[in-house]
Amino acid sequence: MTTVLSVRDLSVRFRMRGGRPIAAVTGVSFDLAAGECLALVGESGCGKSVLASALLGLLPGNAQTAGSAVLHAGGDPVDLLAADERTLARTVRGRRIGLVPQSPAAHLTPVRTVRAQLAETLRELTRTPRRELRAATEAAAARAAFPPGHLDRYPHELSGGLAQRAATALALVGDAPLLLADEPTTGLDRDLVDRTADELRRTADDGRALLMITHDLAAAERIADRVAVMYAGRVVELADATSYFGGEGPRHPYARGLLDALPERAFAPIPGMPPELGDLPEGCAFAPRCERATGQCGTLPPFDGQVACHHLEEPGRA
């Protein structure tokens, strides 16, 4: 398979007042191929959305990045962490990387209708002739199940679910070789979750790469090829989706706990709360919540490309 994105040792630190650093993302590495969907999962605050913002150059001014994230598709290779704003704005965002944002209301222009924003995006990215714009706009809306009767509404007139679908429609317009979908099913009912997930899956089946950041493990199970589990800014497990959701199951206790918390599984929540990223322990950040923890967990377990844990779960599910 053709590699679209290569991430190596990506780290993000925020410098807070007084000089205190916040380690939001630490040492993340993965490859993403054309035709593949990688689901990045984990509890809120684990660093998933910060990672997506780093790839798009959308971090605030107090952020510092390290490592590399090389985009190979759609043109000459470019290190997204090293690229300047002009390069990102003119040649990457929308054209080589599409974004379904976590907060669509903040990404939609408040003084323009959904139709006008879709039409403008179509003209800019696809050079659609003016005489074909109306039909192309309605077709673009339909890809994200956005109802045509709402196209002439402004963002403030939309429900959260409709705003999410509008943002998804805009992200799909350019057919970028890499699509970042940050919580793309937020605010949608189950039927629309499935429809949106299936449309995102079609982008991968058409030969593009999809990085889906989500809390919705059911949506991830529906469309992902691989699953990366993040905890406290680190990837703690990277597995094939078929193995993660069935078969052997997750090997990291936290990754197993995410699945066991689902109502259709054990419905057993993970005890405790995630740590503050500005006050991480020296060793395994999950140890205070883990029933398998021992003194060995005072040392940070290395990530071997598949899992980072001193006390792996046994293969197989009950």
# chains A, B, ... in the order shown; residues from 1 in each chain; ligands from 1
>>> select_by_dssp(residues="stretch 82-306 of chain A", states="strand (DSSP E or B)", output="list in words")
Arg93, Ile97, Gly98, Leu99, Val100, Leu178, Leu179, Leu180, Ala181, Asp182, Ala209, Leu210, Leu211, Met212, Ile213, Thr214, Arg226, Val227, Ala228, Val229, Met230, Tyr231, Arg234, Val235, Val236, Glu237, Leu238, Ala239 and Asp240 of chain A
>>> closest_atom_pairs(of="stretch 21-137 of chain A", to="stretch 160-176 of chain A", cutoff="8 Å", atoms="only C-alpha atoms", output="CSV")
residue,atom,partner,partner_atom,distance
A:Gly74,CA,A:Ala176,CA,7.7
A:Gly94,CA,A:Gly174,CA,6.3
A:Arg95,CA,A:Ala176,CA,5.4
A:Arg96,CA,A:Ala176,CA,4.7
A:Ile97,CA,A:Ala176,CA,5.3
A:Gly98,CA,A:Ala171,CA,5.1
A:Leu99,CA,A:Ala171,CA,5.3
A:Val100,CA,A:Thr168,CA,5.3
A:Pro101,CA,A:Ala167,CA,7.0
A:Ser103,CA,A:Gln164,CA,7.9
A:Pro104,CA,A:Gln164,CA,5.6
A:Ala105,CA,A:Ala163,CA,6.4
A:His107,CA,A:Ala167,CA,7.5
A:Leu108,CA,A:Ala167,CA,7.1
A:Val114,CA,A:Ala166,CA,6.9
A:Gln117,CA,A:Leu170,CA,7.9
A:Leu118,CA,A:Leu170,CA,6.1
A:Thr121,CA,A:Leu170,CA,7.1
A:Leu122,CA,A:Val173,CA,6.4
A:Leu125,CA,A:Gly174,CA,5.5
A:Thr126,CA,A:Gly174,CA,6.6
>>> residues_around(residues="A:Leu277", least_positions_apart="4", cutoff="8 Å", atoms="only C-alpha atoms", output="PyMOL selection string")
chain A and resi 22-24+232-233
>>> write_last_selection(atoms="N, CA, C and O atoms", output="short mmCIF file (atom, residue, chain, number, x, y, z; two decimals), in the first residue's frame")
data_model
loop_
_atom_site.label_atom_id
_atom_site.label_comp_id
_atom_site.auth_asym_id
_atom_site.auth_seq_id
_atom_site.Cartn_x
_atom_site.Cartn_y
_atom_site.Cartn_z
N ILE A 22 3.10 21.68 29.56
CA ILE A 22 2.03 20.68 29.52
C ILE A 22 2.35 19.73 28.38
O ILE A 22 2.42 20.13 27.21
N ALA A 23 2.57 18.46 28.70
CA ALA A 23 2.91 17.46 27.69
C ALA A 23 1.62 16.88 27.12
O ALA A 23 1.08 15.91 27.62
N ALA A 24 1.10 17.50 26.05
CA ALA A 24 -0.19 17.08 25.49
C ALA A 24 -0.07 15.84 24.61
O ALA A 24 -0.99 15.01 24.57
N ALA A 232 -3.11 9.75 28.16
CA ALA A 232 -2.18 10.73 28.71
C ALA A 232 -1.13 11.17 27.69
O ALA A 232 0.06 11.29 28.01
N GLY A 233 -1.56 11.38 26.45
CA GLY A 233 -0.69 11.91 25.42
C GLY A 233 0.13 10.90 24.65
O GLY A 233 0.83 11.26 23.70
#
>>> residues_around(residues="stretch 188-204 of chain A", least_positions_apart="4", cutoff="9 Å", atoms="only C-alpha atoms", output="list of chain:residue names")
A:Ala34, A:Gly35, A:Glu36, A:Cys37, A:Arg143, A:Ala144, A:Ala145, A:Gly160, A:Gly161, A:Leu162, A:Gln164, A:Arg165, A:Thr168, A:Leu172, A:Asp175, A:Pro177, A:Leu178, A:Leu179, A:Ala181, A:Pro184, A:Arg208, A:Ala209, A:Leu210, A:Met212, A:Ala219, A:Ala220, A:Arg222, A:Ile223, A:Ala224
>>> write_last_selection(atoms="N, CA, C and O atoms", output="mmCIF file, in the first residue's frame")
data_model
loop_
_atom_site.group_PDB
_atom_site.id
_atom_site.type_symbol
_atom_site.label_atom_id
_atom_site.label_comp_id
_atom_site.auth_asym_id
_atom_site.auth_seq_id
_atom_site.Cartn_x
_atom_site.Cartn_y
_atom_site.Cartn_z
ATOM 1 N N ALA A 34 -2.889 4.792 1.877
ATOM 2 C CA ALA A 34 -4.043 5.027 1.022
ATOM 3 C C ALA A 34 -5.008 3.853 1.139
ATOM 4 O O ALA A 34 -4.590 2.696 1.164
ATOM 5 N N GLY A 35 -6.281 4.143 1.255
ATOM 6 C CA GLY A 35 -7.283 3.099 1.376
ATOM 7 C C GLY A 35 -7.491 2.588 2.781
ATOM 8 O O GLY A 35 -8.240 1.635 2.988
ATOM 9 N N GLU A 36 -6.853 3.239 3.767
ATOM 10 C CA GLU A 36 -6.893 2.753 5.144
ATOM 11 C C GLU A 36 -7.569 3.772 6.062
ATOM 12 O O GLU A 36 -7.408 4.982 5.906
ATOM 13 N N CYS A 37 -8.316 3.257 7.046
ATOM 14 C CA CYS A 37 -8.882 4.072 8.112
ATOM 15 C C CYS A 37 -8.234 3.691 9.435
ATOM 16 O O CYS A 37 -8.300 2.531 9.851
ATOM 17 N N ARG A 143 -23.837 13.955 0.227
ATOM 18 C CA ARG A 143 -22.773 13.034 0.667
ATOM 19 C C ARG A 143 -22.713 12.949 2.185
ATOM 20 O O ARG A 143 -22.333 11.910 2.738
ATOM 21 N N ALA A 144 -23.069 14.032 2.864
ATOM 22 C CA ALA A 144 -23.032 14.061 4.329
ATOM 23 C C ALA A 144 -24.428 14.022 4.929
ATOM 24 O O ALA A 144 -24.604 14.344 6.102
ATOM 25 N N ALA A 145 -25.412 13.616 4.137
ATOM 26 C CA ALA A 145 -26.804 13.521 4.588
ATOM 27 C C ALA A 145 -27.327 14.863 5.085
ATOM 28 O O ALA A 145 -28.166 14.918 5.997
ATOM 29 N N GLY A 160 -27.027 21.278 16.326
ATOM 30 C CA GLY A 160 -25.660 20.780 16.389
ATOM 31 C C GLY A 160 -25.399 19.677 15.388
ATOM 32 O O GLY A 160 -24.335 19.620 14.762
ATOM 33 N N GLY A 161 -26.370 18.778 15.218
ATOM 34 C CA GLY A 161 -26.212 17.689 14.274
ATOM 35 C C GLY A 161 -26.138 18.173 12.835
ATOM 36 O O GLY A 161 -25.329 17.676 12.037
ATOM 37 N N LEU A 162 -26.972 19.174 12.478
ATOM 38 C CA LEU A 162 -26.934 19.718 11.125
ATOM 39 C C LEU A 162 -25.628 20.462 10.869
ATOM 40 O O LEU A 162 -25.063 20.382 9.777
ATOM 41 N N GLN A 164 -22.808 19.727 12.189
ATOM 42 C CA GLN A 164 -21.791 18.687 12.002
ATOM 43 C C GLN A 164 -21.841 18.136 10.582
ATOM 44 O O GLN A 164 -20.802 17.931 9.939
ATOM 45 N N ARG A 165 -23.049 17.926 10.066
ATOM 46 C CA ARG A 165 -23.172 17.406 8.703
ATOM 47 C C ARG A 165 -22.718 18.432 7.668
ATOM 48 O O ARG A 165 -22.127 18.073 6.638
ATOM 49 N N THR A 168 -19.000 18.320 7.637
ATOM 50 C CA THR A 168 -18.555 17.099 6.969
ATOM 51 C C THR A 168 -18.654 17.241 5.455
ATOM 52 O O THR A 168 -17.743 16.852 4.711
ATOM 53 N N LEU A 172 -15.494 17.023 2.623
ATOM 54 C CA LEU A 172 -15.436 16.004 1.582
ATOM 55 C C LEU A 172 -15.312 16.580 0.177
ATOM 56 O O LEU A 172 -14.988 15.844 -0.763
ATOM 57 N N ASP A 175 -12.067 16.041 -1.988
ATOM 58 C CA ASP A 175 -11.552 14.677 -2.135
ATOM 59 C C ASP A 175 -10.051 14.634 -1.870
ATOM 60 O O ASP A 175 -9.269 14.051 -2.646
ATOM 61 N N PRO A 177 -6.437 13.635 -0.436
ATOM 62 C CA PRO A 177 -5.899 12.278 -0.236
ATOM 63 C C PRO A 177 -5.855 11.853 1.224
ATOM 64 O O PRO A 177 -5.769 10.670 1.518
ATOM 65 N N LEU A 178 -5.913 12.821 2.155
ATOM 66 C CA LEU A 178 -5.962 12.507 3.583
ATOM 67 C C LEU A 178 -7.116 13.273 4.201
ATOM 68 O O LEU A 178 -7.239 14.487 4.014
ATOM 69 N N LEU A 179 -7.967 12.575 4.943
ATOM 70 C CA LEU A 179 -9.087 13.202 5.638
ATOM 71 C C LEU A 179 -8.906 12.996 7.135
ATOM 72 O O LEU A 179 -8.747 11.864 7.603
ATOM 73 N N ALA A 181 -10.890 13.354 10.498
ATOM 74 C CA ALA A 181 -12.251 13.492 11.007
ATOM 75 C C ALA A 181 -12.187 13.497 12.527
ATOM 76 O O ALA A 181 -11.950 12.461 13.152
ATOM 77 N N PRO A 184 -16.389 13.093 14.216
ATOM 78 C CA PRO A 184 -17.310 13.433 13.131
ATOM 79 C C PRO A 184 -18.762 13.048 13.390
ATOM 80 O O PRO A 184 -19.642 13.459 12.631
ATOM 81 N N ARG A 208 -8.369 6.914 -0.535
ATOM 82 C CA ARG A 208 -7.817 7.966 0.311
ATOM 83 C C ARG A 208 -7.518 7.405 1.696
ATOM 84 O O ARG A 208 -7.928 6.317 2.042
ATOM 85 N N ALA A 209 -6.792 8.180 2.483
ATOM 86 C CA ALA A 209 -6.473 7.790 3.855
ATOM 87 C C ALA A 209 -7.385 8.552 4.806
ATOM 88 O O ALA A 209 -7.674 9.733 4.588
ATOM 89 N N LEU A 210 -7.818 7.874 5.863
ATOM 90 C CA LEU A 210 -8.740 8.467 6.829
ATOM 91 C C LEU A 210 -8.203 8.278 8.237
ATOM 92 O O LEU A 210 -7.945 7.146 8.668
ATOM 93 N N MET A 212 -9.566 8.945 11.812
ATOM 94 C CA MET A 212 -10.792 9.283 12.524
ATOM 95 C C MET A 212 -10.523 9.323 14.021
ATOM 96 O O MET A 212 -10.142 8.317 14.624
ATOM 97 N N ALA A 219 -18.726 3.314 16.077
ATOM 98 C CA ALA A 219 -18.401 3.858 14.756
ATOM 99 C C ALA A 219 -17.020 3.394 14.310
ATOM 100 O O ALA A 219 -16.810 3.066 13.138
ATOM 101 N N ALA A 220 -16.073 3.360 15.248
ATOM 102 C CA ALA A 220 -14.735 2.887 14.912
ATOM 103 C C ALA A 220 -14.766 1.426 14.476
ATOM 104 O O ALA A 220 -14.120 1.037 13.495
ATOM 105 N N ARG A 222 -17.156 -0.079 13.119
ATOM 106 C CA ARG A 222 -17.875 -0.187 11.850
ATOM 107 C C ARG A 222 -16.964 0.051 10.649
ATOM 108 O O ARG A 222 -17.114 -0.617 9.622
ATOM 109 N N ILE A 223 -15.966 0.970 10.778
ATOM 110 C CA ILE A 223 -15.237 1.369 9.575
ATOM 111 C C ILE A 223 -13.717 1.291 9.669
ATOM 112 O O ILE A 223 -13.037 1.402 8.641
ATOM 113 N N ALA A 224 -13.145 1.107 10.854
ATOM 114 C CA ALA A 224 -11.686 1.206 10.979
ATOM 115 C C ALA A 224 -10.972 -0.056 10.531
ATOM 116 O O ALA A 224 -11.476 -1.173 10.704
#
>>> residues_around(residues="stretch 240-250 of chain A", least_positions_apart="5", cutoff="6 Å", atoms="only C-alpha atoms", output="list in words")
Asp225, Arg226, Val227, Ala255, Arg256, Pro315 and Gly316 of chain A
>>> write_last_selection(atoms="all heavy atoms", output="CSV table (one decimal), in the first residue's frame")
chain,number,residue,atom,x,y,z
A,225,ASP,N,-9.8,0.1,10.0
A,225,ASP,CA,-8.9,-1.0,9.7
A,225,ASP,C,-7.9,-1.2,10.8
A,225,ASP,O,-7.6,-2.4,11.1
A,225,ASP,CB,-8.1,-0.7,8.4
A,225,ASP,CG,-8.9,-0.5,7.2
A,225,ASP,OD1,-9.6,-1.5,6.8
A,225,ASP,OD2,-9.0,0.6,6.6
A,226,ARG,N,-7.5,-0.2,11.5
A,226,ARG,CA,-6.6,-0.3,12.7
A,226,ARG,C,-7.1,0.7,13.7
A,226,ARG,O,-7.8,1.7,13.4
A,226,ARG,CB,-5.2,0.0,12.3
A,226,ARG,CG,-4.5,-1.0,11.5
A,226,ARG,CD,-3.0,-0.7,11.3
A,226,ARG,NE,-2.8,0.5,10.7
A,226,ARG,CZ,-1.7,1.3,10.9
A,226,ARG,NH1,-0.8,1.0,11.7
A,226,ARG,NH2,-1.6,2.5,10.2
A,227,VAL,N,-6.7,0.4,15.0
A,227,VAL,CA,-7.1,1.3,16.1
A,227,VAL,C,-5.9,1.7,16.9
A,227,VAL,O,-5.0,0.8,17.2
A,227,VAL,CB,-8.1,0.5,17.0
A,227,VAL,CG1,-8.4,1.4,18.3
A,227,VAL,CG2,-9.4,0.1,16.3
A,255,ALA,N,-6.8,-0.1,27.1
A,255,ALA,CA,-7.5,-0.4,25.9
A,255,ALA,C,-8.6,-1.4,26.1
A,255,ALA,O,-9.7,-1.3,25.6
A,255,ALA,CB,-6.5,-0.9,24.8
A,256,ARG,N,-8.3,-2.4,26.9
A,256,ARG,CA,-9.3,-3.4,27.3
A,256,ARG,C,-10.5,-2.8,28.1
A,256,ARG,O,-11.7,-3.1,27.9
A,256,ARG,CB,-8.7,-4.6,28.1
A,256,ARG,CG,-9.7,-5.7,28.5
A,256,ARG,CD,-10.2,-6.5,27.4
A,256,ARG,NE,-9.2,-7.2,26.6
A,256,ARG,CZ,-8.7,-8.4,26.9
A,256,ARG,NH1,-9.3,-9.1,27.9
A,256,ARG,NH2,-7.8,-9.0,26.1
A,315,PRO,N,-4.3,-12.8,25.8
A,315,PRO,CA,-5.1,-12.8,24.6
A,315,PRO,C,-6.4,-13.5,24.8
A,315,PRO,O,-6.5,-14.4,25.6
A,315,PRO,CB,-4.2,-13.6,23.6
A,315,PRO,CG,-2.9,-13.6,24.2
A,315,PRO,CD,-3.0,-13.5,25.6
A,316,GLY,N,-7.4,-13.1,24.0
A,316,GLY,CA,-8.7,-13.8,24.1
A,316,GLY,C,-9.6,-13.1,25.0
A,316,GLY,O,-9.2,-12.4,25.9
>>> closest_residue(among="A:Leu258, A:Cys46, A:Leu10, A:Val111", to="A:Asp152", atoms="only C-alpha atoms")
A:Val111
>>> closest_residue(among="A:Pro253, A:Thr214, A:Ala261, A:Val25", to="A:Leu312", atoms="only C-alpha atoms")
A:Pro253
>>> select_by_dssp(residues="stretch 20-74 of chain A", states="alpha helix (DSSP H)", output="PyMOL selection string")
chain A and resi 48-56
>>> residues_around(residues="A:Glu264", least_positions_apart="5", cutoff="12 Å", atoms="only C-alpha atoms", output="tab-separated table (two decimals) with N, CA, C and O atoms, in the first residue's frame")
chain	number	residue	atom	x	y	z
A	217	LEU	N	-16.77	4.11	19.91
A	217	LEU	CA	-16.11	2.86	19.54
A	217	LEU	C	-16.97	2.05	18.56
A	217	LEU	O	-16.43	1.28	17.77
A	218	ALA	N	-18.29	2.22	18.62
A	218	ALA	CA	-19.14	1.51	17.67
A	218	ALA	C	-18.89	2.00	16.25
A	218	ALA	O	-18.84	1.20	15.30
A	259	LEU	N	-13.19	-0.94	26.01
A	259	LEU	CA	-14.19	-1.84	25.45
A	259	LEU	C	-15.13	-2.37	26.52
A	259	LEU	O	-16.35	-2.44	26.32
>>> atom_distance(atom1="atom CA of A:Glu314", atom2="atom CA of A:Gln296")
18.2 Å
>>> atom_distance(atom1="atom CA of A:Gly187", atom2="atom CA of A:Ala119")
24.7 Å
>>> residues_around(residues="A:Pro275", least_positions_apart="2", cutoff="12 Å", atoms="only C-alpha atoms", output="ChimeraX atom specification")
/A:22-24,43-46,231-233,272-273,277-282,284-289
>>> atom_distance(atom1="atom CA of A:Ser68", atom2="atom CA of A:Leu81")
6.0 Å
>>> closest_residue(among="A:Leu51, A:Val41, A:Leu80, A:Cys290", to="A:Ser6", atoms="only C-alpha atoms")
A:Leu80
>>> closest_residue(among="A:Glu85, A:Glu132, A:Glu291, A:Asp9", to="A:Phe30", atoms="only C-alpha atoms")
A:Asp9
